[in-house]
Amino acid sequence: MNLIEAKNIKKSFGKLQVLKGISISVPEGQVVSIIGPSGSGKSTFLRCLTQLETIDQGEIMVCGETMVHTENGKAIYAPKKVLHDIILNVGLVFQNFNLFPHLSVLQNLIDAPMRIRGIDRAQATKTARELLRKMNLESKENAYPCELSGGQQQRVAIARALAMQPRVLFFDEPTSALDPELTGEILKVIRELADEHMTMVIVTHEMAFARDVADHVIFMADGVIVEEGTPEQVFGNSQNTRTQAFLSRFAKNS
């Protein structure tokens, strides 16, 4: 089953068309990495899939539910109840953590499950502590975000997303705000999630990581998908000169 289906997604900001007809399918259990130069529309596309941006045209289905479709050239979104149910199946990890600074680590993890999913405090706390143990952060449950390193904050952010029990997890440049020493911590966590067959869509500038962890790689440039395929196809046998030029810079720096 495809947990994400996006067809012919178009999005403009004023006169600037950022997405020019993007289509992807993400089967359950698959890890998709989206790579490409800055300004190619990668993060905008992710924001459209997670309801942080609205599209102008196209169709998006999440976990079998239609989030938006197009009639007479105009995007029509599902009723609020349907959109709410859809968003419960989706987790998003931002590049800048976005933790609540006034809440402890544990409170950051239990707040949404209690308020939005209606999970009682005891169960939410039990799940949160299991996730913190998984992230090697069990000793930090009473700490506040300002007391953590960047890598620790991002691991808390991942745990917070997982606490909502999503079926699909999205990452928007999860290591871009971290120094190289801390990047490895986050990549290790994502690799472990991939080993557990968590469905993930990852926008990343970490080419070696995209090559090693993804089942499917999408290369975007100028608002379109230029090339896609297995990591072996995209990184090892690219057929497009635009992709080749982009990856040649990665090869020189690796």
# chains A, B, ... in the order shown; residues from 1 in each chain; ligands from 1
>>> residues_around(residues="A:Gly236", least_positions_apart="6", cutoff="10 Å", atoms="only C-alpha atoms", output="PDB file with N, CA, C and O atoms, in the first residue's frame")
ATOM      1  N   ARG A 211      22.339   7.976  -0.018  1.00  0.00           N
ATOM      2  CA  ARG A 211      22.739   6.809  -0.812  1.00  0.00           C
ATOM      3  C   ARG A 211      22.655   5.526   0.012  1.00  0.00           C
ATOM      4  O   ARG A 211      22.216   4.480  -0.477  1.00  0.00           O
ATOM      5  N   THR A 230      16.502   3.854  -7.649  1.00  0.00           N
ATOM      6  CA  THR A 230      17.214   3.300  -6.496  1.00  0.00           C
ATOM      7  C   THR A 230      18.484   4.105  -6.278  1.00  0.00           C
ATOM      8  O   THR A 230      18.955   4.806  -7.185  1.00  0.00           O
ATOM      9  N   GLN A 244      24.032  14.403 -12.876  1.00  0.00           N
ATOM     10  CA  GLN A 244      25.461  14.107 -12.886  1.00  0.00           C
ATOM     11  C   GLN A 244      26.280  15.306 -12.421  1.00  0.00           C
ATOM     12  O   GLN A 244      27.233  15.154 -11.653  1.00  0.00           O
ATOM     13  N   LEU A 247      25.808  15.701  -8.589  1.00  0.00           N
ATOM     14  CA  LEU A 247      26.477  14.652  -7.814  1.00  0.00           C
ATOM     15  C   LEU A 247      27.987  14.686  -7.966  1.00  0.00           C
ATOM     16  O   LEU A 247      28.706  14.185  -7.107  1.00  0.00           O
TER      17      LEU A 247
END
>>> select_by_dssp(residues="stretch 102-233 of chain A", states="helix (DSSP H, G or I)", output="PyMOL selection string")
chain A and resi 105-115+121-134+138-140+145-147+150-163+180-195+207-213+231-233
>>> residues_around(residues="A:Glu227", least_positions_apart="3", cutoff="9 Å", atoms="only C-alpha atoms", output="list in words")
Val217, Ile218, Phe219, Met220, Val234, Ser238, Gln239, Asn240, Arg242 and Thr243 of chain A
>>> write_last_selection(atoms="all heavy atoms", output="CSV table (one decimal), in the first residue's frame")
chain,number,residue,atom,x,y,z
A,217,VAL,N,15.5,7.3,-4.3
A,217,VAL,CA,16.1,8.6,-4.2
A,217,VAL,C,15.5,9.5,-5.3
A,217,VAL,O,15.3,9.0,-6.5
A,217,VAL,CB,17.6,8.6,-4.4
A,217,VAL,CG1,18.2,10.0,-4.5
A,217,VAL,CG2,18.3,7.8,-3.3
A,218,ILE,N,15.1,10.7,-5.0
A,218,ILE,CA,14.5,11.6,-5.9
A,218,ILE,C,15.4,12.8,-6.0
A,218,ILE,O,15.8,13.4,-5.0
A,218,ILE,CB,13.1,12.1,-5.4
A,218,ILE,CG1,12.1,10.9,-5.5
A,218,ILE,CG2,12.6,13.3,-6.3
A,218,ILE,CD1,10.8,11.2,-4.9
A,219,PHE,N,15.8,13.2,-7.2
A,219,PHE,CA,16.6,14.4,-7.4
A,219,PHE,C,15.7,15.5,-8.0
A,219,PHE,O,15.2,15.3,-9.1
A,219,PHE,CB,17.8,14.1,-8.3
A,219,PHE,CG,18.6,15.4,-8.7
A,219,PHE,CD1,19.2,16.1,-7.8
A,219,PHE,CD2,18.6,15.8,-10.0
A,219,PHE,CE1,19.9,17.3,-8.1
A,219,PHE,CE2,19.3,17.0,-10.4
A,219,PHE,CZ,19.9,17.7,-9.4
A,220,MET,N,15.6,16.6,-7.3
A,220,MET,CA,14.8,17.7,-7.7
A,220,MET,C,15.7,18.9,-8.1
A,220,MET,O,16.7,19.1,-7.4
A,220,MET,CB,13.8,18.2,-6.6
A,220,MET,CG,12.6,17.3,-6.4
A,220,MET,SD,11.5,17.9,-5.1
A,220,MET,CE,11.0,19.5,-5.8
A,234,VAL,N,20.6,6.2,-9.2
A,234,VAL,CA,20.8,7.7,-9.2
A,234,VAL,C,22.2,8.0,-8.9
A,234,VAL,O,22.8,8.9,-9.6
A,234,VAL,CB,19.9,8.3,-8.1
A,234,VAL,CG1,20.2,9.8,-8.0
A,234,VAL,CG2,18.4,8.1,-8.5
A,238,SER,N,23.6,7.5,-13.1
A,238,SER,CA,22.6,8.5,-13.5
A,238,SER,C,22.6,8.7,-15.0
A,238,SER,O,23.6,8.7,-15.6
A,238,SER,CB,23.1,9.9,-12.8
A,238,SER,OG,22.3,10.9,-13.3
A,239,GLN,N,21.4,8.9,-15.5
A,239,GLN,CA,21.2,9.1,-17.0
A,239,GLN,C,21.0,10.6,-17.3
A,239,GLN,O,20.9,10.9,-18.5
A,239,GLN,CB,20.0,8.3,-17.4
A,239,GLN,CG,20.1,6.8,-17.1
A,239,GLN,CD,21.3,6.2,-17.8
A,239,GLN,OE1,21.5,6.2,-19.0
A,239,GLN,NE2,22.2,5.6,-17.0
A,240,ASN,N,21.0,11.5,-16.3
A,240,ASN,CA,20.7,12.9,-16.6
A,240,ASN,C,21.9,13.8,-16.3
A,240,ASN,O,22.5,13.6,-15.3
A,240,ASN,CB,19.5,13.3,-15.7
A,240,ASN,CG,19.0,14.7,-16.0
A,240,ASN,OD1,19.6,15.7,-15.6
A,240,ASN,ND2,17.9,14.8,-16.8
A,242,ARG,N,22.0,16.9,-15.6
A,242,ARG,CA,21.8,17.8,-14.5
A,242,ARG,C,22.1,17.1,-13.2
A,242,ARG,O,22.7,17.6,-12.3
A,242,ARG,CB,20.3,18.3,-14.5
A,242,ARG,CG,20.0,19.3,-13.4
A,242,ARG,CD,20.7,20.6,-13.7
A,242,ARG,NE,20.3,21.6,-12.7
A,242,ARG,CZ,20.9,21.8,-11.5
A,242,ARG,NH1,21.9,21.0,-11.1
A,242,ARG,NH2,20.5,22.7,-10.6
A,243,THR,N,21.6,15.8,-13.1
A,243,THR,CA,21.9,15.0,-11.9
A,243,THR,C,23.4,14.8,-11.8
A,243,THR,O,24.0,14.9,-10.7
A,243,THR,CB,21.2,13.7,-12.0
A,243,THR,OG1,19.8,13.9,-12.3
A,243,THR,CG2,21.3,12.9,-10.6
>>> residues_around(residues="A:Ile60", least_positions_apart="2", cutoff="12 Å", atoms="only C-alpha atoms", output="PyMOL selection string")
chain A and resi 2-10+22-26+45-46+48-51+54-58+62-70+75-78+83+86
>>> atom_distance(atom1="atom CA of A:Glu141", atom2="atom CA of A:Ile186")
18.3 Å
>>> closest_atom_pairs(of="stretch 69-102 of chain A", to="stretch 113-121 of chain A", cutoff="12 Å", atoms="only C-alpha atoms", output="Markdown table")
| residue | atom | partner | partner_atom | distance |
| --- | --- | --- | --- | --- |
| A:His84 | CA | A:Ile116 | CA | 9.8 |
| A:Asp85 | CA | A:Arg117 | CA | 10.2 |
| A:Ile87 | CA | A:Ile116 | CA | 10.7 |
| A:Leu88 | CA | A:Arg117 | CA | 8.1 |
| A:Asn89 | CA | A:Arg117 | CA | 11.0 |
>>> decode(residues="stretch 160-194 of chain A", atoms="N, CA, C and O atoms", output="mmCIF file, in the first residue's frame")
data_model
loop_
_atom_site.group_PDB
_atom_site.id
_atom_site.type_symbol
_atom_site.label_atom_id
_atom_site.label_comp_id
_atom_site.auth_asym_id
_atom_site.auth_seq_id
_atom_site.Cartn_x
_atom_site.Cartn_y
_atom_site.Cartn_z
ATOM 1 N N ARG A 160 9.646 13.103 19.977
ATOM 2 C CA ARG A 160 8.349 13.781 20.085
ATOM 3 C C ARG A 160 7.455 13.437 18.897
ATOM 4 O O ARG A 160 6.251 13.191 19.059
ATOM 5 N N ALA A 161 8.034 13.407 17.693
ATOM 6 C CA ALA A 161 7.257 13.040 16.511
ATOM 7 C C ALA A 161 6.769 11.596 16.615
ATOM 8 O O ALA A 161 5.615 11.281 16.303
ATOM 9 N N LEU A 162 7.633 10.692 17.082
ATOM 10 C CA LEU A 162 7.268 9.283 17.202
ATOM 11 C C LEU A 162 6.230 9.047 18.299
ATOM 12 O O LEU A 162 5.446 8.087 18.228
ATOM 13 N N ALA A 163 6.207 9.919 19.306
ATOM 14 C CA ALA A 163 5.247 9.766 20.400
ATOM 15 C C ALA A 163 3.810 9.860 19.913
ATOM 16 O O ALA A 163 2.895 9.342 20.557
ATOM 17 N N MET A 164 3.598 10.504 18.766
ATOM 18 C CA MET A 164 2.252 10.614 18.191
ATOM 19 C C MET A 164 1.868 9.398 17.356
ATOM 20 O O MET A 164 0.802 9.355 16.756
ATOM 21 N N GLN A 165 2.759 8.412 17.305
ATOM 22 C CA GLN A 165 2.507 7.150 16.611
ATOM 23 C C GLN A 165 2.134 7.365 15.138
ATOM 24 O O GLN A 165 1.134 6.825 14.650
ATOM 25 N N PRO A 166 2.945 8.137 14.415
ATOM 26 C CA PRO A 166 2.626 8.386 13.007
ATOM 27 C C PRO A 166 2.910 7.160 12.153
ATOM 28 O O PRO A 166 3.739 6.300 12.508
ATOM 29 N N ARG A 167 2.250 7.086 11.013
ATOM 30 C CA ARG A 167 2.547 6.015 10.054
ATOM 31 C C ARG A 167 3.626 6.452 9.063
ATOM 32 O O ARG A 167 4.276 5.613 8.450
ATOM 33 N N VAL A 168 3.772 7.766 8.914
ATOM 34 C CA VAL A 168 4.795 8.319 8.019
ATOM 35 C C VAL A 168 5.543 9.409 8.763
ATOM 36 O O VAL A 168 4.927 10.245 9.439
ATOM 37 N N LEU A 169 6.870 9.405 8.639
ATOM 38 C CA LEU A 169 7.696 10.412 9.299
ATOM 39 C C LEU A 169 8.448 11.203 8.229
ATOM 40 O O LEU A 169 9.110 10.627 7.365
ATOM 41 N N PHE A 170 8.307 12.528 8.289
ATOM 42 C CA PHE A 170 8.979 13.417 7.356
ATOM 43 C C PHE A 170 10.123 14.136 8.069
ATOM 44 O O PHE A 170 9.970 14.575 9.210
ATOM 45 N N PHE A 171 11.240 14.269 7.379
ATOM 46 C CA PHE A 171 12.384 15.009 7.900
ATOM 47 C C PHE A 171 12.755 16.104 6.917
ATOM 48 O O PHE A 171 12.951 15.829 5.732
ATOM 49 N N ASP A 172 12.862 17.336 7.410
ATOM 50 C CA ASP A 172 13.280 18.455 6.560
ATOM 51 C C ASP A 172 14.690 18.868 6.965
ATOM 52 O O ASP A 172 14.877 19.575 7.949
ATOM 53 N N GLU A 173 15.674 18.391 6.223
ATOM 54 C CA GLU A 173 17.083 18.712 6.493
ATOM 55 C C GLU A 173 17.399 18.525 7.980
ATOM 56 O O GLU A 173 17.772 19.472 8.676
ATOM 57 N N PRO A 174 17.258 17.300 8.502
ATOM 58 C CA PRO A 174 17.353 17.111 9.956
ATOM 59 C C PRO A 174 18.724 17.377 10.553
ATOM 60 O O PRO A 174 18.843 17.482 11.774
ATOM 61 N N THR A 175 19.767 17.487 9.734
ATOM 62 C CA THR A 175 21.112 17.717 10.286
ATOM 63 C C THR A 175 21.693 19.078 9.906
ATOM 64 O O THR A 175 22.824 19.379 10.267
ATOM 65 N N SER A 176 20.928 19.903 9.193
ATOM 66 C CA SER A 176 21.515 21.142 8.660
ATOM 67 C C SER A 176 21.876 22.142 9.749
ATOM 68 O O SER A 176 22.734 22.997 9.546
ATOM 69 N N ALA A 177 21.222 22.059 10.922
ATOM 70 C CA ALA A 177 21.520 23.000 12.005
ATOM 71 C C ALA A 177 22.584 22.471 12.955
ATOM 72 O O ALA A 177 22.872 23.102 13.970
ATOM 73 N N LEU A 178 23.170 21.327 12.627
ATOM 74 C CA LEU A 178 24.124 20.684 13.521
ATOM 75 C C LEU A 178 25.534 20.756 12.957
ATOM 76 O O LEU A 178 25.735 20.761 11.746
ATOM 77 N N ASP A 179 26.507 20.778 13.872
ATOM 78 C CA ASP A 179 27.886 20.689 13.392
ATOM 79 C C ASP A 179 28.184 19.236 13.024
ATOM 80 O O ASP A 179 27.459 18.316 13.435
ATOM 81 N N PRO A 180 29.231 18.994 12.227
ATOM 82 C CA PRO A 180 29.499 17.644 11.726
ATOM 83 C C PRO A 180 29.612 16.580 12.806
ATOM 84 O O PRO A 180 29.211 15.429 12.608
ATOM 85 N N GLU A 181 30.119 16.960 13.967
ATOM 86 C CA GLU A 181 30.309 15.977 15.038
ATOM 87 C C GLU A 181 28.979 15.434 15.542
ATOM 88 O O GLU A 181 28.876 14.278 15.940
ATOM 89 N N LEU A 182 27.932 16.284 15.525
ATOM 90 C CA LEU A 182 26.629 15.876 16.039
ATOM 91 C C LEU A 182 25.751 15.248 14.961
ATOM 92 O O LEU A 182 24.775 14.566 15.272
ATOM 93 N N THR A 183 26.086 15.492 13.689
ATOM 94 C CA THR A 183 25.284 14.965 12.588
ATOM 95 C C THR A 183 25.184 13.447 12.650
ATOM 96 O O THR A 183 24.119 12.863 12.416
ATOM 97 N N GLY A 184 26.288 12.793 12.997
ATOM 98 C CA GLY A 184 26.301 11.334 13.058
ATOM 99 C C GLY A 184 25.292 10.762 14.025
ATOM 100 O O GLY A 184 24.725 9.682 13.788
ATOM 101 N N GLU A 185 25.030 11.477 15.136
ATOM 102 C CA GLU A 185 24.044 11.013 16.113
ATOM 103 C C GLU A 185 22.671 10.858 15.463
ATOM 104 O O GLU A 185 21.973 9.867 15.678
ATOM 105 N N ILE A 186 22.291 11.873 14.693
ATOM 106 C CA ILE A 186 20.954 11.883 14.094
ATOM 107 C C ILE A 186 20.858 10.865 12.968
ATOM 108 O O ILE A 186 19.854 10.155 12.837
ATOM 109 N N LEU A 187 21.889 10.776 12.159
ATOM 110 C CA LEU A 187 21.869 9.815 11.059
ATOM 111 C C LEU A 187 21.769 8.388 11.592
ATOM 112 O O LEU A 187 21.093 7.542 10.995
ATOM 113 N N LYS A 188 22.414 8.117 12.732
ATOM 114 C CA LYS A 188 22.334 6.789 13.344
ATOM 115 C C LYS A 188 20.896 6.479 13.764
ATOM 116 O O LYS A 188 20.398 5.364 13.542
ATOM 117 N N VAL A 189 20.214 7.459 14.361
ATOM 118 C CA VAL A 189 18.822 7.263 14.777
ATOM 119 C C VAL A 189 17.941 6.974 13.571
ATOM 120 O O VAL A 189 17.101 6.056 13.589
ATOM 121 N N ILE A 190 18.121 7.729 12.492
ATOM 122 C CA ILE A 190 17.288 7.539 11.303
ATOM 123 C C ILE A 190 17.568 6.182 10.665
ATOM 124 O O ILE A 190 16.648 5.501 10.190
ATOM 125 N N ARG A 191 18.834 5.772 10.660
ATOM 126 C CA ARG A 191 19.166 4.438 10.136
ATOM 127 C C ARG A 191 18.453 3.343 10.936
ATOM 128 O O ARG A 191 17.958 2.355 10.372
ATOM 129 N N GLU A 192 18.411 3.510 12.256
ATOM 130 C CA GLU A 192 17.742 2.513 13.103
ATOM 131 C C GLU A 192 16.242 2.474 12.803
ATOM 132 O O GLU A 192 15.639 1.397 12.767
ATOM 133 N N LEU A 193 15.636 3.635 12.566
ATOM 134 C CA LEU A 193 14.222 3.676 12.197
ATOM 135 C C LEU A 193 13.992 2.995 10.850
ATOM 136 O O LEU A 193 12.995 2.287 10.655
ATOM 137 N N ALA A 194 14.916 3.195 9.924
ATOM 138 C CA ALA A 194 14.818 2.535 8.617
ATOM 139 C C ALA A 194 14.894 1.021 8.778
ATOM 140 O O ALA A 194 14.160 0.274 8.112
#
